[in-house]
Amino acid sequence: MAKLPLGQSTQYPQQYDPDLLFPIPRADNRKKLGLHDSGALPFVGVDIWNAFEVSWLNPKGKPQIALAEFHVPADSPHMIESKSFKLYLNSLNNARFESEDALRQRLITDISNAAGSPIHTLLTPTDHIAKKGMQEMSGILLDRLDIEVDPLLPADPSLLEVNQDFGPIEQCFVSHLLKSNCPVTGQPDWASIQIRYQGRPILEEGLLRYLIGFRHKGEFHEHCVETIFTDIKRECKPDKLSVYARYTRRGGLDINPFRTDHNSPWPDNIRHARQ
């Protein structure tokens, strides 16, 4: 991790450089969760990235701009460190491409190489994004609960309990109180989270206290979502589970990890009010 760009003084690149992308092995954190390379993962999913500061030059040297969407599969060997992703995108600012499709193919090649698996990307003119508007996550809002909580306590999986007196139900919870911190710089990362499951009813107060416990956790976005998924799966034993978090952007990028254990369609790449 010696070359990790996080927390270091940065000289922004003036020329295209795909080597700026810094891959982080997913296996390191998954071992902490009891997930090992030799066994099948208990989930599938995707990390949806949105980039709001993408620019390049056309063959005449005229700057072009667009918003970019990247889908990195959760089973890729590596995730991409976010600051290195930003530096890489900035290295495109003075690079000339014959067409928008040529840029898109270059993005696919470079990011797929760093992730170790094929990724998908979409470039969209900024005026098209404006027409989409915003949409909030649907579900029962946990934040409505008037609970007393010690915000300094870490996330405790033992808070996750189910009501044994009821049979399986289908339910969806939403909270806007998820916060964690960059494990290197300590900068805060804010998110809204949606939890869909089928199983015995999960007790709401315990779930909200558990989520609030991430406020002082130093972990990457993707790791937080996988921790939440595996803790709920182990403690509550739902028949089906999906966890989707949408983080607010930092440095022109937002990261939105999704994990599920069943044949659930990938979520829409919506933007909510804080994004």
# chains A, B, ... in the order shown; residues from 1 in each chain; ligands from 1
$ residues_around --residues "A:Arg234" --least-positions-apart "6" --cutoff "12 Å" --atoms "only C-alpha atoms" --output "list in words"
Leu33, Gly34, Pro42, Pro157, Ser158, Leu160, Glu161, Val162, Thr227, Ile228 and Leu241 of chain A
$ closest_atom_pairs --of "stretch 159-190 of chain A" --to "stretch 249-257 of chain A" --cutoff "10 Å" --atoms "only C-alpha atoms" --output "CSV"
residue,atom,partner,partner_atom,distance
A:Gln187,CA,A:Arg250,CA,9.9
A:Pro188,CA,A:Arg250,CA,9.7
A:Asp189,CA,A:Arg250,CA,8.3
A:Trp190,CA,A:Arg249,CA,8.7
$ residues_around --residues "stretch 17-24 of chain A" --least-positions-apart "3" --cutoff "8 Å" --atoms "only C-alpha atoms" --output "ChimeraX atom specification"
/A:4,13,78-81,84-85,87-88,91-92,110-111,114-115
$ select_by_dssp --residues "stretch 106-144 of chain A" --states "helix (DSSP H, G or I)" --output "CSV table (one decimal) with N, CA and C atoms, in the first residue's frame"
chain,number,residue,atom,x,y,z
A,106,ARG,N,-11.6,3.5,-24.3
A,106,ARG,CA,-10.3,3.6,-23.5
A,106,ARG,C,-10.7,3.5,-22.1
A,107,LEU,N,-11.7,4.1,-21.6
A,107,LEU,CA,-12.1,4.0,-20.2
A,107,LEU,C,-12.4,2.6,-19.8
A,108,ILE,N,-13.1,1.8,-20.7
A,108,ILE,CA,-13.4,0.4,-20.4
A,108,ILE,C,-12.2,-0.4,-20.3
A,109,THR,N,-11.2,-0.2,-21.2
A,109,THR,CA,-10.0,-0.9,-21.2
A,109,THR,C,-9.2,-0.6,-19.9
A,110,ASP,N,-9.0,0.6,-19.6
A,110,ASP,CA,-8.1,1.0,-18.5
A,110,ASP,C,-8.7,0.5,-17.2
A,111,ILE,N,-10.0,0.8,-17.0
A,111,ILE,CA,-10.6,0.5,-15.7
A,111,ILE,C,-10.8,-1.0,-15.5
A,112,SER,N,-11.1,-1.7,-16.6
A,112,SER,CA,-11.2,-3.2,-16.6
A,112,SER,C,-9.8,-3.8,-16.2
A,113,ASN,N,-8.7,-3.3,-16.7
A,113,ASN,CA,-7.4,-3.8,-16.4
A,113,ASN,C,-7.1,-3.6,-14.9
A,114,ALA,N,-7.5,-2.4,-14.4
A,114,ALA,CA,-7.2,-2.2,-13.0
A,114,ALA,C,-8.1,-3.0,-12.1
A,115,ALA,N,-9.4,-3.2,-12.4
A,115,ALA,CA,-10.3,-4.0,-11.6
A,115,ALA,C,-10.0,-5.5,-11.7
A,126,THR,N,-24.4,16.4,-20.3
A,126,THR,CA,-24.9,16.9,-19.0
A,126,THR,C,-26.4,17.4,-19.1
A,127,ASP,N,-26.8,17.8,-20.3
A,127,ASP,CA,-28.2,18.3,-20.4
A,127,ASP,C,-29.2,17.1,-20.3
A,128,HIS,N,-28.7,15.9,-20.7
A,128,HIS,CA,-29.6,14.8,-20.5
A,128,HIS,C,-29.8,14.4,-19.1
A,129,ILE,N,-28.8,14.5,-18.3
A,129,ILE,CA,-28.8,14.2,-16.9
A,129,ILE,C,-29.8,15.1,-16.2
A,130,ALA,N,-29.8,16.4,-16.5
A,130,ALA,CA,-30.7,17.3,-15.9
A,130,ALA,C,-32.2,17.0,-16.0
A,131,LYS,N,-32.5,16.3,-17.2
A,131,LYS,CA,-33.9,16.0,-17.4
A,131,LYS,C,-34.4,14.8,-16.6
A,132,LYS,N,-33.4,14.1,-16.0
A,132,LYS,CA,-33.8,12.9,-15.2
A,132,LYS,C,-34.4,13.3,-13.8
A,142,LEU,N,-36.2,4.4,8.8
A,142,LEU,CA,-35.8,4.1,10.1
A,142,LEU,C,-35.5,5.3,10.9
A,143,ASP,N,-35.2,6.4,10.3
A,143,ASP,CA,-34.8,7.7,10.9
A,143,ASP,C,-36.0,8.3,11.7
A,144,ARG,N,-37.2,7.8,11.5
A,144,ARG,CA,-38.3,8.4,12.2
A,144,ARG,C,-38.4,7.9,13.6
$ residues_around --residues "A:Phe214" --least-positions-apart "3" --cutoff "9 Å" --atoms "only C-alpha atoms" --output "PyMOL selection string"
chain A and resi 153-155+178-181+210-211+217-218+224
$ write_last_selection --atoms "N, CA and C atoms" --output "mmCIF file, in the first residue's frame"
data_model
loop_
_atom_site.group_PDB
_atom_site.id
_atom_site.type_symbol
_atom_site.label_atom_id
_atom_site.label_comp_id
_atom_site.auth_asym_id
_atom_site.auth_seq_id
_atom_site.Cartn_x
_atom_site.Cartn_y
_atom_site.Cartn_z
ATOM 1 N N LEU A 153 -20.613 4.633 20.302
ATOM 2 C CA LEU A 153 -20.470 3.183 20.320
ATOM 3 C C LEU A 153 -20.288 2.643 18.910
ATOM 4 N N PRO A 154 -19.386 1.684 18.714
ATOM 5 C CA PRO A 154 -19.189 1.111 17.375
ATOM 6 C C PRO A 154 -20.346 0.209 16.995
ATOM 7 N N ALA A 155 -20.447 -0.072 15.706
ATOM 8 C CA ALA A 155 -21.498 -0.971 15.203
ATOM 9 C C ALA A 155 -21.353 -2.340 15.842
ATOM 10 N N LEU A 178 -26.339 6.811 7.625
ATOM 11 C CA LEU A 178 -25.094 6.062 7.512
ATOM 12 C C LEU A 178 -23.926 7.018 7.278
ATOM 13 N N LYS A 179 -22.927 6.895 8.094
ATOM 14 C CA LYS A 179 -21.698 7.685 7.948
ATOM 15 C C LYS A 179 -20.524 6.812 8.345
ATOM 16 N N SER A 180 -19.483 6.874 7.548
ATOM 17 C CA SER A 180 -18.232 6.213 7.892
ATOM 18 C C SER A 180 -17.108 7.187 7.567
ATOM 19 N N ASN A 181 -15.874 6.756 7.720
ATOM 20 C CA ASN A 181 -14.739 7.639 7.487
ATOM 21 C C ASN A 181 -13.715 6.957 6.587
ATOM 22 N N TYR A 210 -27.428 -0.093 15.075
ATOM 23 C CA TYR A 210 -26.290 -0.744 14.404
ATOM 24 C C TYR A 210 -25.737 0.148 13.301
ATOM 25 N N LEU A 211 -26.612 0.707 12.470
ATOM 26 C CA LEU A 211 -26.163 1.550 11.364
ATOM 27 C C LEU A 211 -25.481 2.819 11.880
ATOM 28 N N LYS A 217 -16.339 4.409 12.131
ATOM 29 C CA LYS A 217 -15.628 3.290 11.497
ATOM 30 C C LYS A 217 -14.804 3.795 10.319
ATOM 31 N N GLY A 218 -13.546 3.441 10.293
ATOM 32 C CA GLY A 218 -12.681 3.799 9.174
ATOM 33 C C GLY A 218 -12.646 2.687 8.161
ATOM 34 N N CYS A 224 -17.900 -1.244 3.826
ATOM 35 C CA CYS A 224 -19.009 -1.005 4.756
ATOM 36 C C CYS A 224 -20.255 -1.761 4.331
#
$ closest_atom_pairs --of "stretch 115-154 of chain A" --to "stretch 56-74 of chain A" --cutoff "7 Å" --atoms "only C-alpha atoms" --output "JSON lines"
{"residue": "A:Ile119", "atom": "CA", "partner": "A:Val72", "partner_atom": "CA", "distance": 5.1}
{"residue": "A:His120", "atom": "CA", "partner": "A:His71", "partner_atom": "CA", "distance": 5.1}
{"residue": "A:Thr121", "atom": "CA", "partner": "A:Phe70", "partner_atom": "CA", "distance": 4.4}
{"residue": "A:Leu122", "atom": "CA", "partner": "A:Glu69", "partner_atom": "CA", "distance": 5.1}
{"residue": "A:Leu123", "atom": "CA", "partner": "A:Ala68", "partner_atom": "CA", "distance": 4.6}
{"residue": "A:Thr124", "atom": "CA", "partner": "A:Leu67", "partner_atom": "CA", "distance": 5.2}
{"residue": "A:Pro125", "atom": "CA", "partner": "A:Ala66", "partner_atom": "CA", "distance": 4.8}
{"residue": "A:Thr126", "atom": "CA", "partner": "A:Ala66", "partner_atom": "CA", "distance": 5.6}
$ residues_around --residues "A:Lys240" --least-positions-apart "4" --cutoff "9 Å" --atoms "only C-alpha atoms" --output "number ranges by chain"
A: 170, 196-199, 233, 260-262
$ write_last_selection --atoms "all heavy atoms" --output "PDB file, in the first residue's frame"
ATOM      1  N   GLU A 170     -41.828  -9.720   3.691  1.00  0.00           N
ATOM      2  CA  GLU A 170     -40.961  -8.945   2.800  1.00  0.00           C
ATOM      3  C   GLU A 170     -41.000  -7.498   3.261  1.00  0.00           C
ATOM      4  O   GLU A 170     -42.084  -6.944   3.477  1.00  0.00           O
ATOM      5  CB  GLU A 170     -41.417  -9.068   1.345  1.00  0.00           C
ATOM      6  CG  GLU A 170     -41.210 -10.450   0.759  1.00  0.00           C
ATOM      7  CD  GLU A 170     -41.512 -10.501  -0.735  1.00  0.00           C
ATOM      8  OE1 GLU A 170     -41.601  -9.402  -1.351  1.00  0.00           O
ATOM      9  OE2 GLU A 170     -41.659 -11.595  -1.285  1.00  0.00           O
ATOM     10  N   ARG A 196     -33.362  -4.397   1.731  1.00  0.00           N
ATOM     11  CA  ARG A 196     -34.533  -5.200   1.379  1.00  0.00           C
ATOM     12  C   ARG A 196     -34.281  -6.644   1.830  1.00  0.00           C
ATOM     13  O   ARG A 196     -33.186  -7.172   1.618  1.00  0.00           O
ATOM     14  CB  ARG A 196     -34.779  -5.199  -0.138  1.00  0.00           C
ATOM     15  CG  ARG A 196     -35.181  -3.858  -0.721  1.00  0.00           C
ATOM     16  CD  ARG A 196     -35.482  -4.008  -2.210  1.00  0.00           C
ATOM     17  NE  ARG A 196     -35.801  -2.735  -2.830  1.00  0.00           N
ATOM     18  CZ  ARG A 196     -37.018  -2.211  -2.873  1.00  0.00           C
ATOM     19  NH1 ARG A 196     -38.035  -2.887  -2.342  1.00  0.00           N
ATOM     20  NH2 ARG A 196     -37.239  -1.044  -3.456  1.00  0.00           N
ATOM     21  N   TYR A 197     -35.309  -7.250   2.409  1.00  0.00           N
ATOM     22  CA  TYR A 197     -35.119  -8.633   2.840  1.00  0.00           C
ATOM     23  C   TYR A 197     -36.451  -9.375   2.856  1.00  0.00           C
ATOM     24  O   TYR A 197     -37.528  -8.771   2.879  1.00  0.00           O
ATOM     25  CB  TYR A 197     -34.484  -8.679   4.234  1.00  0.00           C
ATOM     26  CG  TYR A 197     -35.418  -8.304   5.362  1.00  0.00           C
ATOM     27  CD1 TYR A 197     -36.094  -9.289   6.100  1.00  0.00           C
ATOM     28  CD2 TYR A 197     -35.651  -6.973   5.699  1.00  0.00           C
ATOM     29  CE1 TYR A 197     -36.963  -8.959   7.124  1.00  0.00           C
ATOM     30  CE2 TYR A 197     -36.511  -6.625   6.720  1.00  0.00           C
ATOM     31  CZ  TYR A 197     -37.168  -7.628   7.435  1.00  0.00           C
ATOM     32  OH  TYR A 197     -38.031  -7.289   8.446  1.00  0.00           O
ATOM     33  N   GLN A 198     -36.337 -10.688   2.867  1.00  0.00           N
ATOM     34  CA  GLN A 198     -37.470 -11.581   3.097  1.00  0.00           C
ATOM     35  C   GLN A 198     -37.077 -12.519   4.223  1.00  0.00           C
ATOM     36  O   GLN A 198     -36.077 -13.234   4.134  1.00  0.00           O
ATOM     37  CB  GLN A 198     -37.804 -12.374   1.834  1.00  0.00           C
ATOM     38  CG  GLN A 198     -38.955 -13.357   2.005  1.00  0.00           C
ATOM     39  CD  GLN A 198     -39.256 -14.109   0.719  1.00  0.00           C
ATOM     40  OE1 GLN A 198     -39.449 -13.514  -0.334  1.00  0.00           O
ATOM     41  NE2 GLN A 198     -39.288 -15.438   0.807  1.00  0.00           N
ATOM     42  N   GLY A 199     -37.846 -12.509   5.304  1.00  0.00           N
ATOM     43  CA  GLY A 199     -37.524 -13.332   6.459  1.00  0.00           C
ATOM     44  C   GLY A 199     -38.307 -12.853   7.664  1.00  0.00           C
ATOM     45  O   GLY A 199     -39.230 -12.042   7.546  1.00  0.00           O
ATOM     46  N   LYS A 233     -27.021 -10.931   7.439  1.00  0.00           N
ATOM     47  CA  LYS A 233     -27.244 -12.310   6.991  1.00  0.00           C
ATOM     48  C   LYS A 233     -26.933 -13.302   8.108  1.00  0.00           C
ATOM     49  O   LYS A 233     -27.684 -14.265   8.335  1.00  0.00           O
ATOM     50  CB  LYS A 233     -26.360 -12.599   5.766  1.00  0.00           C
ATOM     51  CG  LYS A 233     -26.716 -13.882   5.036  1.00  0.00           C
ATOM     52  CD  LYS A 233     -28.052 -13.776   4.338  1.00  0.00           C
ATOM     53  CE  LYS A 233     -28.374 -15.042   3.555  1.00  0.00           C
ATOM     54  NZ  LYS A 233     -29.713 -14.969   2.936  1.00  0.00           N
ATOM     55  N   THR A 260     -26.393  -8.400  -3.162  1.00  0.00           N
ATOM     56  CA  THR A 260     -27.617  -9.184  -3.018  1.00  0.00           C
ATOM     57  C   THR A 260     -27.273 -10.662  -3.072  1.00  0.00           C
ATOM     58  O   THR A 260     -26.244 -11.055  -3.658  1.00  0.00           O
ATOM     59  CB  THR A 260     -28.638  -8.832  -4.113  1.00  0.00           C
ATOM     60  OG1 THR A 260     -29.858  -9.520  -3.877  1.00  0.00           O
ATOM     61  CG2 THR A 260     -28.116  -9.202  -5.500  1.00  0.00           C
ATOM     62  N   ASP A 261     -28.143 -11.497  -2.468  1.00  0.00           N
ATOM     63  CA  ASP A 261     -27.897 -12.943  -2.469  1.00  0.00           C
ATOM     64  C   ASP A 261     -28.914 -13.709  -3.308  1.00  0.00           C
ATOM     65  O   ASP A 261     -29.023 -14.932  -3.193  1.00  0.00           O
ATOM     66  CB  ASP A 261     -27.887 -13.486  -1.038  1.00  0.00           C
ATOM     67  CG  ASP A 261     -29.203 -13.275  -0.306  1.00  0.00           C
ATOM     68  OD1 ASP A 261     -30.156 -12.751  -0.922  1.00  0.00           O
ATOM     69  OD2 ASP A 261     -29.284 -13.625   0.888  1.00  0.00           O
ATOM     70  N   HIS A 262     -29.679 -12.985  -4.124  1.00  0.00           N
ATOM     71  CA  HIS A 262     -30.666 -13.673  -4.962  1.00  0.00           C
ATOM     72  C   HIS A 262     -30.756 -12.977  -6.314  1.00  0.00           C
ATOM     73  O   HIS A 262     -30.056 -11.988  -6.559  1.00  0.00           O
ATOM     74  CB  HIS A 262     -32.037 -13.713  -4.275  1.00  0.00           C
ATOM     75  CG  HIS A 262     -32.596 -12.363  -3.944  1.00  0.00           C
ATOM     76  ND1 HIS A 262     -32.142 -11.606  -2.885  1.00  0.00           N
ATOM     77  CD2 HIS A 262     -33.571 -11.619  -4.527  1.00  0.00           C
ATOM     78  CE1 HIS A 262     -32.807 -10.464  -2.826  1.00  0.00           C
ATOM     79  NE2 HIS A 262     -33.676 -10.447  -3.817  1.00  0.00           N
TER      80      HIS A 262
END
$ select_by_dssp --residues "stretch 73-223 of chain A" --states "strand (DSSP E or B)" --output "PyMOL selection string"
chain A and resi 73+78-80+96+120-124+140-141+162+169-181+188-199+202+218
$ write_last_selection --atoms "N, CA and C atoms" --output "short mmCIF file (atom, residue, chain, number, x, y, z; two decimals), in the first residue's frame"
data_model
loop_
_atom_site.label_atom_id
_atom_site.label_comp_id
_atom_site.auth_asym_id
_atom_site.auth_seq_id
_atom_site.Cartn_x
_atom_site.Cartn_y
_atom_site.Cartn_z
N PRO A 73 -18.07 -4.87 -11.31
CA PRO A 73 -18.70 -6.03 -10.66
C PRO A 73 -18.09 -6.33 -9.30
N HIS A 78 -10.31 -6.68 -7.78
CA HIS A 78 -9.92 -5.41 -7.17
C HIS A 78 -11.04 -4.38 -7.28
N MET A 79 -11.08 -3.49 -6.31
CA MET A 79 -11.84 -2.26 -6.45
C MET A 79 -10.83 -1.14 -6.72
N ILE A 80 -11.32 0.03 -7.10
CA ILE A 80 -10.44 1.14 -7.46
C ILE A 80 -10.46 2.18 -6.35
N ARG A 96 -6.53 13.94 -26.60
CA ARG A 96 -7.42 14.03 -27.75
C ARG A 96 -7.95 12.65 -28.13
N HIS A 120 -18.45 -1.91 -17.17
CA HIS A 120 -19.35 -1.25 -18.12
C HIS A 120 -19.32 0.24 -17.84
N THR A 121 -19.36 1.04 -18.89
CA THR A 121 -19.40 2.48 -18.69
C THR A 121 -20.36 3.13 -19.67
N LEU A 122 -20.88 4.29 -19.26
CA LEU A 122 -21.83 5.05 -20.06
C LEU A 122 -21.47 6.51 -19.95
N LEU A 123 -21.36 7.20 -21.09
CA LEU A 123 -21.13 8.64 -21.11
C LEU A 123 -22.43 9.33 -21.49
N THR A 124 -22.79 10.35 -20.74
CA THR A 124 -24.06 11.04 -20.96
C THR A 124 -23.83 12.55 -20.99
N ILE A 140 -39.34 1.87 4.32
CA ILE A 140 -39.73 2.37 5.64
C ILE A 140 -38.55 3.14 6.23
N LEU A 141 -38.78 4.39 6.59
CA LEU A 141 -37.70 5.25 7.07
C LEU A 141 -37.37 4.94 8.53
N VAL A 162 -34.33 -10.41 15.28
CA VAL A 162 -35.61 -10.56 14.59
C VAL A 162 -36.70 -10.87 15.61
N ILE A 169 -41.68 -12.24 6.28
CA ILE A 169 -42.33 -11.14 5.59
C ILE A 169 -41.34 -10.56 4.59
N GLU A 170 -41.83 -9.72 3.69
CA GLU A 170 -40.96 -8.95 2.80
C GLU A 170 -41.00 -7.50 3.26
N GLN A 171 -39.83 -6.90 3.41
CA GLN A 171 -39.78 -5.56 3.96
C GLN A 171 -38.58 -4.82 3.39
N CYS A 172 -38.68 -3.49 3.37
CA CYS A 172 -37.59 -2.65 2.86
C CYS A 172 -37.41 -1.48 3.83
N PHE A 173 -36.19 -1.29 4.32
CA PHE A 173 -35.86 -0.19 5.21
C PHE A 173 -34.94 0.79 4.50
N VAL A 174 -35.05 2.07 4.89
CA VAL A 174 -34.16 3.12 4.39
C VAL A 174 -33.68 3.96 5.55
N SER A 175 -32.41 4.35 5.51
CA SER A 175 -31.88 5.31 6.48
C SER A 175 -30.92 6.25 5.76
N HIS A 176 -30.96 7.51 6.19
CA HIS A 176 -30.02 8.51 5.65
C HIS A 176 -28.92 8.82 6.66
N LEU A 177 -28.80 8.01 7.70
CA LEU A 177 -27.87 8.31 8.79
C LEU A 177 -26.58 7.52 8.73
N LEU A 178 -26.34 6.81 7.63
CA LEU A 178 -25.09 6.06 7.51
C LEU A 178 -23.93 7.02 7.28
N LYS A 179 -22.93 6.90 8.09
CA LYS A 179 -21.70 7.69 7.95
C LYS A 179 -20.52 6.81 8.34
N SER A 180 -19.48 6.87 7.55
CA SER A 180 -18.23 6.21 7.89
C SER A 180 -17.11 7.19 7.57
N ASN A 181 -15.87 6.76 7.72
CA ASN A 181 -14.74 7.64 7.49
C ASN A 181 -13.71 6.96 6.59
N PRO A 188 -14.97 12.33 6.40
CA PRO A 188 -16.27 11.65 6.53
C PRO A 188 -16.86 11.30 5.17
N ASP A 189 -17.53 10.17 5.14
CA ASP A 189 -18.29 9.72 3.97
C ASP A 189 -19.74 9.53 4.41
N TRP A 190 -20.67 10.19 3.72
CA TRP A 190 -22.09 10.17 4.07
C TRP A 190 -22.87 9.37 3.05
N ALA A 191 -23.90 8.66 3.52
CA ALA A 191 -24.65 7.81 2.59
C ALA A 191 -26.08 7.63 3.06
N SER A 192 -26.94 7.28 2.10
CA SER A 192 -28.26 6.73 2.36
C SER A 192 -28.20 5.24 2.04
N ILE A 193 -28.90 4.44 2.82
CA ILE A 193 -28.83 3.00 2.64
C ILE A 193 -30.23 2.40 2.58
N GLN A 194 -30.38 1.42 1.70
CA GLN A 194 -31.65 0.70 1.52
C GLN A 194 -31.40 -0.78 1.77
N ILE A 195 -32.21 -1.38 2.65
CA ILE A 195 -32.06 -2.79 3.01
C ILE A 195 -33.38 -3.50 2.71
N ARG A 196 -33.36 -4.40 1.73
CA ARG A 196 -34.53 -5.20 1.38
C ARG A 196 -34.28 -6.64 1.83
N TYR A 197 -35.31 -7.25 2.41
CA TYR A 197 -35.12 -8.63 2.84
C TYR A 197 -36.45 -9.38 2.86
N GLN A 198 -36.34 -10.69 2.87
CA GLN A 198 -37.47 -11.58 3.10
C GLN A 198 -37.08 -12.52 4.22
N GLY A 199 -37.85 -12.51 5.30
CA GLY A 199 -37.52 -13.33 6.46
C GLY A 199 -38.31 -12.85 7.66
N ILE A 202 -37.09 -7.95 11.07
CA ILE A 202 -35.92 -7.41 11.75
C ILE A 202 -36.38 -6.27 12.67
N GLY A 218 -13.55 3.44 10.29
CA GLY A 218 -12.68 3.80 9.17
C GLY A 218 -12.65 2.69 8.16
#
$ atom_distance --atom1 "atom CA of A:Pro151" --atom2 "atom CA of A:Arg200"
27.2 Å
$ decode --residues "stretch 31-49 of chain A" --atoms "N, CA, C and O atoms" --output "PDB file, in the first residue's frame"
ATOM      1  N   LYS A  31     -11.575 -11.310   4.039  1.00  0.00           N
ATOM      2  CA  LYS A  31     -11.041 -12.266   5.004  1.00  0.00           C
ATOM      3  C   LYS A  31     -11.464 -11.881   6.421  1.00  0.00           C
ATOM      4  O   LYS A  31     -11.733 -12.745   7.263  1.00  0.00           O
ATOM      5  N   LYS A  32     -11.551 -10.564   6.703  1.00  0.00           N
ATOM      6  CA  LYS A  32     -11.993 -10.105   8.022  1.00  0.00           C
ATOM      7  C   LYS A  32     -13.449 -10.494   8.270  1.00  0.00           C
ATOM      8  O   LYS A  32     -13.869 -10.637   9.425  1.00  0.00           O
ATOM      9  N   LEU A  33     -14.219 -10.652   7.202  1.00  0.00           N
ATOM     10  CA  LEU A  33     -15.628 -11.019   7.314  1.00  0.00           C
ATOM     11  C   LEU A  33     -15.834 -12.525   7.288  1.00  0.00           C
ATOM     12  O   LEU A  33     -16.973 -13.001   7.283  1.00  0.00           O
ATOM     13  N   GLY A  34     -14.741 -13.272   7.242  1.00  0.00           N
ATOM     14  CA  GLY A  34     -14.843 -14.725   7.179  1.00  0.00           C
ATOM     15  C   GLY A  34     -15.092 -15.249   5.787  1.00  0.00           C
ATOM     16  O   GLY A  34     -15.487 -16.400   5.623  1.00  0.00           O
ATOM     17  N   LEU A  35     -14.862 -14.404   4.776  1.00  0.00           N
ATOM     18  CA  LEU A  35     -15.058 -14.807   3.387  1.00  0.00           C
ATOM     19  C   LEU A  35     -13.686 -15.037   2.763  1.00  0.00           C
ATOM     20  O   LEU A  35     -12.828 -14.164   2.795  1.00  0.00           O
ATOM     21  N   HIS A  36     -13.480 -16.199   2.180  1.00  0.00           N
ATOM     22  CA  HIS A  36     -12.172 -16.554   1.658  1.00  0.00           C
ATOM     23  C   HIS A  36     -12.251 -16.864   0.170  1.00  0.00           C
ATOM     24  O   HIS A  36     -13.302 -17.224  -0.356  1.00  0.00           O
ATOM     25  N   ASP A  37     -11.097 -16.728  -0.492  1.00  0.00           N
ATOM     26  CA  ASP A  37     -11.038 -16.923  -1.936  1.00  0.00           C
ATOM     27  C   ASP A  37     -11.504 -18.317  -2.350  1.00  0.00           C
ATOM     28  O   ASP A  37     -12.048 -18.515  -3.434  1.00  0.00           O
ATOM     29  N   SER A  38     -11.291 -19.307  -1.479  1.00  0.00           N
ATOM     30  CA  SER A  38     -11.610 -20.681  -1.859  1.00  0.00           C
ATOM     31  C   SER A  38     -13.110 -20.959  -1.886  1.00  0.00           C
ATOM     32  O   SER A  38     -13.558 -21.917  -2.516  1.00  0.00           O
ATOM     33  N   GLY A  39     -13.894 -20.116  -1.207  1.00  0.00           N
ATOM     34  CA  GLY A  39     -15.330 -20.351  -1.150  1.00  0.00           C
ATOM     35  C   GLY A  39     -16.104 -19.347  -1.976  1.00  0.00           C
ATOM     36  O   GLY A  39     -15.607 -18.266  -2.300  1.00  0.00           O
ATOM     37  N   ALA A  40     -17.342 -19.721  -2.313  1.00  0.00           N
ATOM     38  CA  ALA A  40     -18.191 -18.818  -3.084  1.00  0.00           C
ATOM     39  C   ALA A  40     -18.635 -17.661  -2.203  1.00  0.00           C
ATOM     40  O   ALA A  40     -18.916 -17.831  -1.009  1.00  0.00           O
ATOM     41  N   LEU A  41     -18.727 -16.483  -2.776  1.00  0.00           N
ATOM     42  CA  LEU A  41     -19.204 -15.323  -2.038  1.00  0.00           C
ATOM     43  C   LEU A  41     -20.691 -15.484  -1.724  1.00  0.00           C
ATOM     44  O   LEU A  41     -21.431 -16.062  -2.517  1.00  0.00           O
ATOM     45  N   PRO A  42     -21.146 -14.960  -0.587  1.00  0.00           N
ATOM     46  CA  PRO A  42     -22.567 -15.070  -0.252  1.00  0.00           C
ATOM     47  C   PRO A  42     -23.424 -14.026  -0.942  1.00  0.00           C
ATOM     48  O   PRO A  42     -24.611 -13.895  -0.636  1.00  0.00           O
ATOM     49  N   PHE A  43     -22.849 -13.281  -1.852  1.00  0.00           N
ATOM     50  CA  PHE A  43     -23.581 -12.230  -2.552  1.00  0.00           C
ATOM     51  C   PHE A  43     -23.013 -12.029  -3.943  1.00  0.00           C
ATOM     52  O   PHE A  43     -21.898 -12.474  -4.252  1.00  0.00           O
ATOM     53  N   VAL A  44     -23.796 -11.379  -4.770  1.00  0.00           N
ATOM     54  CA  VAL A  44     -23.321 -10.817  -6.029  1.00  0.00           C
ATOM     55  C   VAL A  44     -23.638  -9.328  -5.960  1.00  0.00           C
ATOM     56  O   VAL A  44     -24.337  -8.871  -5.063  1.00  0.00           O
ATOM     57  N   GLY A  45     -23.132  -8.570  -6.899  1.00  0.00           N
ATOM     58  CA  GLY A  45     -23.443  -7.144  -6.837  1.00  0.00           C
ATOM     59  C   GLY A  45     -22.582  -6.318  -7.764  1.00  0.00           C
ATOM     60  O   GLY A  45     -21.865  -6.837  -8.630  1.00  0.00           O
ATOM     61  N   VAL A  46     -22.656  -5.029  -7.552  1.00  0.00           N
ATOM     62  CA  VAL A  46     -21.977  -4.088  -8.430  1.00  0.00           C
ATOM     63  C   VAL A  46     -21.674  -2.812  -7.651  1.00  0.00           C
ATOM     64  O   VAL A  46     -22.398  -2.461  -6.711  1.00  0.00           O
ATOM     65  N   ASP A  47     -20.587  -2.168  -8.010  1.00  0.00           N
ATOM     66  CA  ASP A  47     -20.278  -0.836  -7.500  1.00  0.00           C
ATOM     67  C   ASP A  47     -20.558   0.154  -8.629  1.00  0.00           C
ATOM     68  O   ASP A  47     -19.910   0.112  -9.685  1.00  0.00           O
ATOM     69  N   ILE A  48     -21.540   1.017  -8.398  1.00  0.00           N
ATOM     70  CA  ILE A  48     -21.924   2.013  -9.408  1.00  0.00           C
ATOM     71  C   ILE A  48     -21.233   3.336  -9.072  1.00  0.00           C
ATOM     72  O   ILE A  48     -21.487   3.918  -8.020  1.00  0.00           O
ATOM     73  N   TRP A  49     -20.364   3.765  -9.959  1.00  0.00           N
ATOM     74  CA  TRP A  49     -19.664   5.037  -9.791  1.00  0.00           C
ATOM     75  C   TRP A  49     -20.278   6.071 -10.722  1.00  0.00           C
ATOM     76  O   TRP A  49     -20.575   5.772 -11.891  1.00  0.00           O
TER      77      TRP A  49
END
